[in-house]
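Chemist: Sharing query04.txt (compact mmCIF, C-alpha atoms and all ligand atoms) below.
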# COMPACT_ATOMS: atom_id res chain seq x y z
CA MET A 1 -36.80 -61.53 32.29
CA LEU A 2 -37.49 -62.51 28.71
CA THR A 3 -34.35 -64.53 28.21
CA ALA A 4 -32.37 -67.11 30.19
CA ASN A 5 -29.45 -69.34 29.34
CA ILE A 6 -30.06 -72.97 28.45
CA ASN A 7 -26.93 -74.99 27.65
CA GLY A 8 -25.06 -71.74 27.07
CA ASN A 9 -27.58 -70.27 24.62
CA ARG A 10 -30.02 -67.43 25.21
CA SER A 11 -33.53 -68.81 25.11
CA ARG A 12 -37.14 -67.71 25.33
CA PRO A 13 -39.14 -69.39 28.09
CA PHE A 14 -40.96 -72.57 27.21
CA PRO A 15 -42.77 -75.02 29.48
CA GLY A 16 -40.96 -77.90 31.14
CA THR A 17 -37.48 -76.44 31.11
CA VAL A 18 -35.10 -74.68 33.49
CA GLY A 19 -32.80 -71.80 32.60
CA THR A 20 -30.04 -69.79 34.23
CA CYS A 21 -30.13 -66.02 34.79
CA PRO A 22 -27.61 -64.37 32.41
CA PHE A 23 -26.73 -61.88 35.16
CA CYS A 24 -26.65 -63.73 38.51
CA TYR A 25 -26.51 -67.32 37.16
CA SER A 26 -29.25 -68.55 39.50
CA GLU A 27 -31.96 -70.93 38.38
CA MET A 28 -34.91 -69.54 36.43
CA ILE A 29 -38.27 -71.10 35.77
CA PRO A 30 -40.48 -70.42 32.75
CA ARG A 31 -43.78 -68.60 33.22
CA CYS A 32 -45.88 -69.42 30.19
CA GLY A 33 -49.44 -68.64 31.24
CA GLU A 34 -52.26 -67.30 29.14
CA ILE A 35 -52.45 -63.77 30.52
CA LYS A 36 -49.01 -62.27 30.94
CA VAL A 37 -46.25 -62.05 28.36
CA HIS A 38 -44.20 -65.26 28.66
CA HIS A 39 -41.15 -64.69 30.81
CA TRP A 40 -38.63 -66.28 33.14
CA ALA A 41 -38.71 -65.83 36.92
CA HIS A 42 -35.88 -66.39 39.42
CA LYS A 43 -36.69 -69.62 41.28
CA SER A 44 -35.75 -68.11 44.61
CA LYS A 45 -35.20 -64.53 45.70
CA THR A 46 -31.64 -63.71 44.71
CA ASP A 47 -29.19 -60.88 44.49
CA CYS A 48 -29.73 -60.02 40.87
CA ASP A 49 -28.94 -56.59 39.40
CA HIS A 50 -30.14 -54.00 41.98
CA TRP A 51 -31.07 -51.73 39.05
CA TRP A 52 -33.64 -54.29 37.96
CA GLU A 53 -37.30 -53.36 38.40
CA PRO A 54 -40.17 -55.87 38.64
CA GLU A 55 -41.44 -56.00 35.08
CA THR A 56 -44.89 -55.16 33.83
CA ASP A 57 -46.15 -56.46 30.49
CA TRP A 58 -45.76 -52.89 29.23
CA HIS A 59 -42.03 -53.18 29.96
CA ARG A 60 -41.77 -56.68 28.42
CA ASN A 61 -43.64 -55.64 25.27
CA TRP A 62 -41.20 -52.80 24.70
CA LYS A 63 -38.21 -55.15 25.01
CA ASN A 64 -39.89 -57.62 22.68
CA GLU A 65 -39.90 -55.00 19.91
CA PHE A 66 -36.19 -55.76 19.54
CA PRO A 67 -34.36 -58.90 18.42
CA LEU A 68 -33.68 -61.47 21.13
CA ARG A 69 -29.93 -61.07 20.80
CA TRP A 70 -30.24 -57.35 21.73
CA GLN A 71 -32.29 -58.02 24.86
CA GLU A 72 -30.94 -58.17 28.42
CA ARG A 73 -27.29 -57.61 27.70
CA VAL A 74 -24.81 -57.84 30.58
CA PHE A 75 -22.16 -55.12 30.82
CA THR A 76 -19.03 -55.04 32.97
CA ASP A 77 -17.04 -51.88 33.59
CA GLU A 78 -13.46 -52.99 33.02
CA THR A 79 -12.02 -50.51 35.52
CA THR A 80 -14.40 -50.92 38.47
CA GLY A 81 -15.81 -54.38 37.75
CA GLU A 82 -19.33 -52.95 38.16
CA ARG A 83 -21.87 -55.10 36.32
CA HIS A 84 -25.37 -54.33 35.07
CA ILE A 85 -27.89 -55.80 32.70
CA ALA A 86 -29.37 -53.45 30.08
CA ASP A 87 -32.90 -53.93 28.73
CA VAL A 88 -31.76 -53.55 25.12
CA PHE A 89 -28.40 -52.93 23.46
CA THR A 90 -28.46 -52.32 19.71
CA LEU A 91 -25.94 -53.40 17.12
CA ALA A 92 -24.92 -49.72 16.80
CA GLY A 93 -24.13 -49.50 20.52
CA LEU A 94 -27.20 -47.69 21.88
CA THR A 95 -28.52 -48.87 25.24
CA VAL A 96 -32.31 -48.61 25.63
CA GLU A 97 -33.62 -48.65 29.20
CA VAL A 98 -37.35 -49.03 29.80
CA GLN A 99 -38.68 -47.56 33.05
CA HIS A 100 -42.16 -47.92 34.50
CA SER A 101 -41.81 -47.11 38.19
CA HIS A 102 -40.40 -44.04 39.92
CA LEU A 103 -36.63 -43.85 39.60
CA ASP A 104 -34.48 -42.09 42.19
CA PRO A 105 -32.62 -39.26 40.35
CA GLU A 106 -29.32 -40.44 41.78
CA GLU A 107 -29.81 -43.91 40.31
CA ARG A 108 -30.96 -42.37 37.04
CA ARG A 109 -27.70 -40.41 36.82
CA ALA A 110 -25.68 -43.50 37.75
CA ARG A 111 -27.29 -45.46 34.92
CA GLU A 112 -26.69 -42.64 32.44
CA ALA A 113 -23.03 -42.48 33.48
CA PHE A 114 -22.69 -46.26 33.17
CA TYR A 115 -24.32 -46.71 29.74
CA LYS A 116 -23.45 -43.25 28.28
CA ASN A 117 -24.91 -43.67 24.76
CA MET A 118 -28.48 -44.39 25.78
CA LEU A 119 -32.18 -43.72 25.39
CA TRP A 120 -34.86 -43.93 28.06
CA ILE A 121 -38.37 -45.16 27.33
CA VAL A 122 -40.47 -43.95 30.26
CA ASP A 123 -44.02 -44.78 31.24
CA GLY A 124 -45.72 -41.38 31.01
CA SER A 125 -49.05 -42.80 32.17
CA ARG A 126 -47.96 -43.28 35.78
CA LEU A 127 -48.96 -39.83 37.03
CA LYS A 128 -52.48 -38.53 36.60
CA GLY A 129 -51.40 -34.89 36.12
CA ASN A 130 -49.19 -35.82 33.16
CA ARG A 131 -51.95 -37.93 31.61
CA LYS A 132 -54.32 -34.99 31.85
CA ASN A 133 -51.88 -32.42 30.42
CA ILE A 134 -50.77 -34.51 27.47
CA THR A 135 -54.24 -34.50 25.92
CA GLU A 136 -53.67 -30.75 25.33
CA TRP A 137 -50.13 -31.16 24.00
CA ARG A 138 -50.79 -29.25 20.78
CA ASN A 139 -51.29 -26.10 22.85
CA GLY A 140 -47.84 -26.40 24.41
CA LEU A 141 -45.74 -27.29 21.35
CA ALA A 142 -44.88 -25.18 18.30
CA GLU A 143 -43.67 -26.92 15.15
CA ILE A 144 -40.47 -25.86 13.40
CA VAL A 145 -40.98 -25.20 9.68
CA GLN A 146 -38.02 -25.22 7.30
CA GLY A 147 -38.84 -23.40 4.06
CA GLN A 148 -42.32 -24.71 3.36
CA LYS A 149 -41.58 -28.06 4.97
CA ARG A 150 -42.87 -29.16 8.33
CA THR A 151 -40.21 -30.96 10.34
CA ASN A 152 -42.24 -32.78 13.01
CA LEU A 153 -39.82 -31.18 15.48
CA PHE A 154 -41.47 -28.94 18.07
CA LEU A 155 -40.18 -26.37 20.53
CA THR A 156 -41.79 -25.82 23.91
CA ASP A 157 -41.30 -23.79 27.05
CA LYS A 158 -43.92 -25.90 28.83
CA ALA A 159 -41.98 -29.14 29.18
CA GLU A 160 -42.54 -29.21 32.94
CA GLU A 161 -46.31 -29.23 32.39
CA LEU A 162 -46.28 -31.98 29.80
CA PHE A 163 -43.65 -34.41 31.06
CA PRO A 164 -42.79 -36.03 34.41
CA LYS A 165 -40.42 -33.54 36.06
CA ASP A 166 -37.96 -36.20 37.30
CA TRP A 167 -36.94 -36.75 33.68
CA LEU A 168 -36.49 -33.21 32.40
CA GLU A 169 -32.80 -32.90 33.28
CA CYS A 170 -31.57 -36.06 31.53
CA PRO A 171 -28.46 -35.56 29.38
CA VAL A 172 -29.79 -38.23 26.98
CA PRO A 173 -33.05 -38.43 24.97
CA VAL A 174 -36.15 -39.59 26.84
CA CYS A 175 -39.18 -41.07 25.10
CA PHE A 176 -42.45 -40.81 27.04
CA ASP A 177 -45.12 -43.41 26.40
CA TYR A 178 -48.51 -42.21 27.64
CA MET A 179 -50.15 -45.43 26.48
CA GLY A 180 -48.58 -47.28 29.41
CA PRO A 181 -50.33 -49.49 32.00
CA ASN A 182 -52.38 -46.56 33.39
CA ALA A 183 -53.41 -45.04 30.05
CA GLU A 184 -56.84 -43.42 29.91
CA LEU A 185 -58.41 -45.92 27.56
CA SER A 186 -61.33 -43.62 26.86
CA ALA A 187 -59.04 -40.80 25.65
CA ALA A 188 -57.65 -40.55 22.12
CA PRO A 189 -54.43 -42.54 21.69
CA GLN A 190 -51.36 -40.37 22.13
CA PRO A 191 -48.12 -40.54 20.17
CA LEU A 192 -44.84 -41.15 21.93
CA PHE A 193 -42.98 -37.95 22.76
CA LEU A 194 -39.23 -37.87 22.33
CA LEU A 195 -37.71 -35.16 24.53
CA TYR A 196 -34.25 -34.11 23.36
CA PRO A 197 -31.63 -33.28 26.01
CA GLY A 198 -30.67 -29.68 26.78
CA THR A 199 -32.19 -26.58 25.25
CA VAL A 200 -32.17 -24.90 21.88
CA HIS A 201 -33.38 -21.34 21.35
CA ARG A 202 -33.87 -21.50 25.16
CA LYS A 203 -36.67 -24.02 24.66
CA ARG A 204 -36.97 -27.80 24.76
CA LEU A 205 -37.03 -29.81 21.55
CA VAL A 206 -39.75 -32.47 21.27
CA GLU A 207 -40.64 -34.96 18.54
CA PRO A 208 -44.02 -36.75 18.61
CA LEU A 209 -43.70 -40.20 17.08
CA PRO A 210 -45.77 -43.30 16.49
CA ARG A 211 -44.35 -46.48 18.04
CA ASP A 212 -42.97 -47.78 14.74
CA GLY A 213 -41.50 -44.33 14.06
CA LEU A 214 -39.45 -44.57 17.24
CA LEU A 215 -38.34 -48.10 16.36
CA ARG A 216 -37.28 -46.96 12.88
CA SER A 217 -35.31 -44.10 14.43
CA ILE A 218 -33.51 -46.50 16.75
CA LEU A 219 -32.79 -49.01 13.99
CA SER A 220 -31.51 -46.31 11.64
CA GLU A 221 -29.16 -45.03 14.39
CA ARG A 222 -30.82 -41.61 14.40
CA LEU A 223 -30.97 -41.55 18.20
CA ASP A 224 -27.32 -42.24 18.91
CA ALA A 225 -25.48 -39.53 20.84
CA ASN A 226 -23.80 -38.14 17.68
CA SER A 227 -27.00 -37.98 15.65
CA ILE A 228 -28.86 -36.30 18.51
CA HIS A 229 -26.07 -33.74 18.76
CA ASN A 230 -26.31 -33.04 15.00
CA ILE A 231 -30.09 -32.61 15.08
CA MET A 232 -29.78 -30.14 17.97
CA GLN A 233 -27.04 -28.25 16.09
CA ASN A 234 -29.19 -27.98 12.95
CA VAL A 235 -32.17 -26.69 14.90
CA SER A 236 -29.98 -24.12 16.70
CA LYS A 237 -28.97 -22.66 13.31
CA LEU A 238 -32.57 -22.11 12.20
CA ARG A 239 -34.17 -18.73 12.52
CA VAL A 240 -36.66 -19.00 15.36
CA GLY A 241 -39.23 -16.98 13.45
CA LYS A 242 -39.97 -20.04 11.35
CA ILE A 243 -42.14 -21.74 13.90
CA GLN A 244 -45.82 -22.52 13.55
CA ARG A 245 -48.40 -23.44 16.11
ZN ZN O 1 -30.64 -62.91 38.10
Step by step, read the file and then write its structure as structure tokens.
Ligand SMILES: [Zn+2]

Modeler:
Amino acid sequence: MLTANINGNRSRPFPGTVGTCPFCYSEMIPRCGEIKVHHWAHKSKTDCDHWWEPETDWHRNWKNEFPLRWQERVFTDETTGERHIADVFTLAGLTVEVQHSHLDPEERRAREAFYKNMLWIVDGSRLKGNRKNITEWRNGLAEIVQGQKRTNLFLTDKAEELFPKDWLECPVPVCFDYMGPNAELSAAPQPLFLLYPGTVHRKRLVEPLPRDGLLRSILSERLDANSIHNIMQNVSKLRVGKIQR
């Protein structure tokens, strides 16, 4: 974890101190070495959130793109009492969950039902087949042009070749990061790919983005459920002929 409570305040780890886990309240010790991103570790194995995955630096670096007060927010369902800790929760109410390892589809659906207005950031570099296919992404995506203007929105009927198949059915947007821990360092850097939920013109809608482009979209509330719905609506009204490869 990147944050722990010290005297009731959320704090970054620093040497010589002890914190408390904001979720399970057990003792946490700072890990401030020279190699990994500084973080807190539970002092002993505890029953923390069972949705929690052991974090890679890739995961920590994504969370650190956001202000400390948005990181690792604890949520309680008022009806069921179910509690979970979200990676990031924005001021506008969007939960961002970062996922490196394989996620059981049932747990994925449970998290989507719990957080509702959410965005996944998924490590696309985990599977070799996906890493290979993404280098050819321009062959599988066709850009939507409005008037003379390019939109940077692309339609594809090859989503299952480009993206990890476990994530294709999500009812919320999923952003794939192919520059994750297993990235092919020799290959050209790839943008992030934002896969919109559902279909439009019987195809999938995809937006390639640089990292700061995604962050700007999140900060400007363009990825909230309502905004996503509006973007999909606008694209559905376009004439499909206006698409360029
Ligand atoms: Zn804990």

Chemist: Between A:Pro164, A:Pro208, A:Gly8, A:Pro171, which has the minimum distance to Tyr115 in chain A (counting all atoms listed in the file)?

Modeler: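 Using all atoms listed in the file, the shortest distance to Tyr115 in chain A belongs to A:Pro171.
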
Chemist: Could you tell me which of A:Gly129, A:Pro191, A:Pro54, A:Pro22 comes closest to ligand ZN 1 (chain O) if we count only C-alpha atoms and all ligand atoms?

Modeler: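 Smallest separation from ligand ZN 1 (chain O) among the options: A:Pro22.
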
Chemist: Determine, for each residue of chain A having at least one atom at most 6 Å from an atom of ligand ZN 1 (chain O), the closest pair of atoms and their separation in Å to one decimal, counting only C-alpha atoms and all ligand atoms; order by chain and ascending number, as CSV.

Modeler:
residue,atom,partner,partner_atom,distance
A:Cys21,CA,O:ZN1,ZN,4.6
A:Phe23,CA,O:ZN1,ZN,5.0
A:Cys24,CA,O:ZN1,ZN,4.1
A:Ser26,CA,O:ZN1,ZN,6.0
A:Cys48,CA,O:ZN1,ZN,4.1

Chemist: I need the residues from that last selection saved to file as a compact mmCIF listing (two decimals), in the frame of the given file (with C-alpha atoms), if you can.

Modeler:
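Saved file result-v9.txt follows:
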# COMPACT_ATOMS: atom_id res chain seq x y z
CA CYS A 21 -30.13 -66.02 34.79
CA PHE A 23 -26.73 -61.88 35.16
CA CYS A 24 -26.65 -63.73 38.51
CA SER A 26 -29.25 -68.55 39.50
CA CYS A 48 -29.73 -60.02 40.87

Chemist: One decimal, in Å: what's the spacing between CA of Arg216 in chain A and CA of Asn139 in chain A?

Modeler: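 Separating CA of Arg216 in chain A from CA of Asn139 in chain A is a distance of 27.0 Å.
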
Chemist: Write out as JSON, numbers by chain the residues lying within 7 Å of Leu209 in chain A, counting all atoms listed in the file and excluding same-chain residues fewer than 3 positions away.

Modeler: {"A": [191, 192, 193, 213, 214]}

Chemist: Grab the CA of Asp123 in chain A to CA of Arg10 in chain A distance for me, in Å with one decimal place.

Modeler: 27.3 Å

Chemist: Pick out the residues sitting within 10 Å of Thr20 in chain A, and hand them over as a compact mmCIF listing (two decimals) with C-alpha atoms, in the coordinates of the input; count all atoms listed in the file, and ignore anything fewer than 2 positions along from it in its own chain.

Modeler:
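Output (part_39.txt):
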# COMPACT_ATOMS: atom_id res chain seq x y z
CA THR A 3 -34.35 -64.53 28.21
CA ALA A 4 -32.37 -67.11 30.19
CA ASN A 5 -29.45 -69.34 29.34
CA ILE A 6 -30.06 -72.97 28.45
CA ASN A 7 -26.93 -74.99 27.65
CA GLY A 8 -25.06 -71.74 27.07
CA ASN A 9 -27.58 -70.27 24.62
CA ARG A 10 -30.02 -67.43 25.21
CA SER A 11 -33.53 -68.81 25.11
CA VAL A 18 -35.10 -74.68 33.49
CA PRO A 22 -27.61 -64.37 32.41
CA PHE A 23 -26.73 -61.88 35.16
CA CYS A 24 -26.65 -63.73 38.51
CA TYR A 25 -26.51 -67.32 37.16
CA SER A 26 -29.25 -68.55 39.50
CA GLU A 27 -31.96 -70.93 38.38
CA MET A 28 -34.91 -69.54 36.43
CA ILE A 29 -38.27 -71.10 35.77
CA TRP A 40 -38.63 -66.28 33.14
CA ALA A 41 -38.71 -65.83 36.92
CA HIS A 42 -35.88 -66.39 39.42
CA LYS A 43 -36.69 -69.62 41.28

Chemist: Please write a file for range 169-199 of chain A, taken from the block I just shared, that holds N, CA and C atoms and is laid out as a compact mmCIF listing (two decimals), in the first residue's frame.

Modeler:
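In the end it all went to decode_10.txt:
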# COMPACT_ATOMS: atom_id res chain seq x y z
N GLU A 169 -15.92 -8.11 -22.05
CA GLU A 169 -17.35 -8.00 -21.72
C GLU A 169 -17.64 -7.00 -20.61
N CYS A 170 -16.66 -6.23 -20.19
CA CYS A 170 -16.88 -5.30 -19.07
C CYS A 170 -17.94 -4.25 -19.43
N PRO A 171 -18.83 -3.94 -18.49
CA PRO A 171 -19.83 -2.90 -18.74
C PRO A 171 -19.28 -1.49 -18.47
N VAL A 172 -18.00 -1.41 -18.16
CA VAL A 172 -17.35 -0.11 -17.86
C VAL A 172 -16.12 0.00 -18.76
N PRO A 173 -15.58 1.22 -18.95
CA PRO A 173 -14.39 1.34 -19.81
C PRO A 173 -13.17 0.64 -19.21
N VAL A 174 -12.36 0.08 -20.11
CA VAL A 174 -11.13 -0.60 -19.68
C VAL A 174 -9.97 0.01 -20.45
N CYS A 175 -8.93 0.42 -19.73
CA CYS A 175 -7.75 0.98 -20.38
C CYS A 175 -6.61 -0.04 -20.30
N PHE A 176 -6.11 -0.46 -21.45
CA PHE A 176 -5.03 -1.45 -21.48
C PHE A 176 -3.68 -0.75 -21.61
N ASP A 177 -2.78 -1.13 -20.73
CA ASP A 177 -1.43 -0.56 -20.73
C ASP A 177 -0.46 -1.67 -21.16
N TYR A 178 0.03 -1.57 -22.40
CA TYR A 178 0.95 -2.59 -22.91
C TYR A 178 2.39 -2.32 -22.51
N MET A 179 2.61 -1.19 -21.81
CA MET A 179 3.95 -0.88 -21.33
C MET A 179 4.08 -1.32 -19.87
N GLY A 180 3.41 -2.39 -19.51
CA GLY A 180 3.45 -2.93 -18.15
C GLY A 180 4.75 -3.66 -17.86
N PRO A 181 4.79 -4.42 -16.76
CA PRO A 181 6.03 -5.07 -16.31
C PRO A 181 6.65 -6.01 -17.36
N ASN A 182 5.85 -6.56 -18.27
CA ASN A 182 6.40 -7.50 -19.25
C ASN A 182 6.54 -6.89 -20.65
N ALA A 183 6.53 -5.55 -20.72
CA ALA A 183 6.59 -4.89 -22.03
C ALA A 183 7.82 -5.35 -22.81
N GLU A 184 7.66 -5.44 -24.14
CA GLU A 184 8.81 -5.73 -24.99
C GLU A 184 9.60 -4.44 -25.12
N LEU A 185 10.71 -4.36 -24.40
CA LEU A 185 11.41 -3.07 -24.36
C LEU A 185 12.04 -2.72 -25.71
N SER A 186 12.24 -3.74 -26.54
CA SER A 186 12.86 -3.48 -27.83
C SER A 186 11.84 -2.92 -28.83
N ALA A 187 10.55 -3.19 -28.57
CA ALA A 187 9.51 -2.73 -29.51
C ALA A 187 9.21 -1.25 -29.29
N ALA A 188 8.57 -0.63 -30.30
CA ALA A 188 8.20 0.78 -30.18
C ALA A 188 7.19 0.93 -29.03
N PRO A 189 7.30 2.02 -28.27
CA PRO A 189 6.34 2.22 -27.18
C PRO A 189 4.91 2.28 -27.73
N GLN A 190 3.99 1.70 -27.01
CA GLN A 190 2.60 1.70 -27.45
C GLN A 190 1.79 2.68 -26.63
N PRO A 191 0.75 3.29 -27.24
CA PRO A 191 -0.14 4.12 -26.43
C PRO A 191 -0.97 3.22 -25.51
N LEU A 192 -1.71 3.86 -24.62
CA LEU A 192 -2.73 3.12 -23.88
C LEU A 192 -3.92 2.98 -24.81
N PHE A 193 -4.71 1.94 -24.62
CA PHE A 193 -5.91 1.76 -25.44
C PHE A 193 -7.12 1.72 -24.52
N LEU A 194 -8.01 2.70 -24.71
CA LEU A 194 -9.23 2.74 -23.92
C LEU A 194 -10.32 2.03 -24.71
N LEU A 195 -10.81 0.92 -24.17
CA LEU A 195 -11.88 0.16 -24.80
C LEU A 195 -13.20 0.56 -24.15
N TYR A 196 -14.10 1.12 -24.98
CA TYR A 196 -15.41 1.53 -24.46
C TYR A 196 -16.29 0.30 -24.29
N PRO A 197 -17.25 0.36 -23.34
CA PRO A 197 -18.13 -0.80 -23.13
C PRO A 197 -19.14 -0.93 -24.28
N GLY A 198 -19.64 -2.14 -24.48
CA GLY A 198 -20.71 -2.35 -25.45
C GLY A 198 -20.25 -2.18 -26.88
N THR A 199 -21.22 -2.11 -27.80
CA THR A 199 -20.87 -1.97 -29.21
C THR A 199 -21.59 -0.77 -29.80
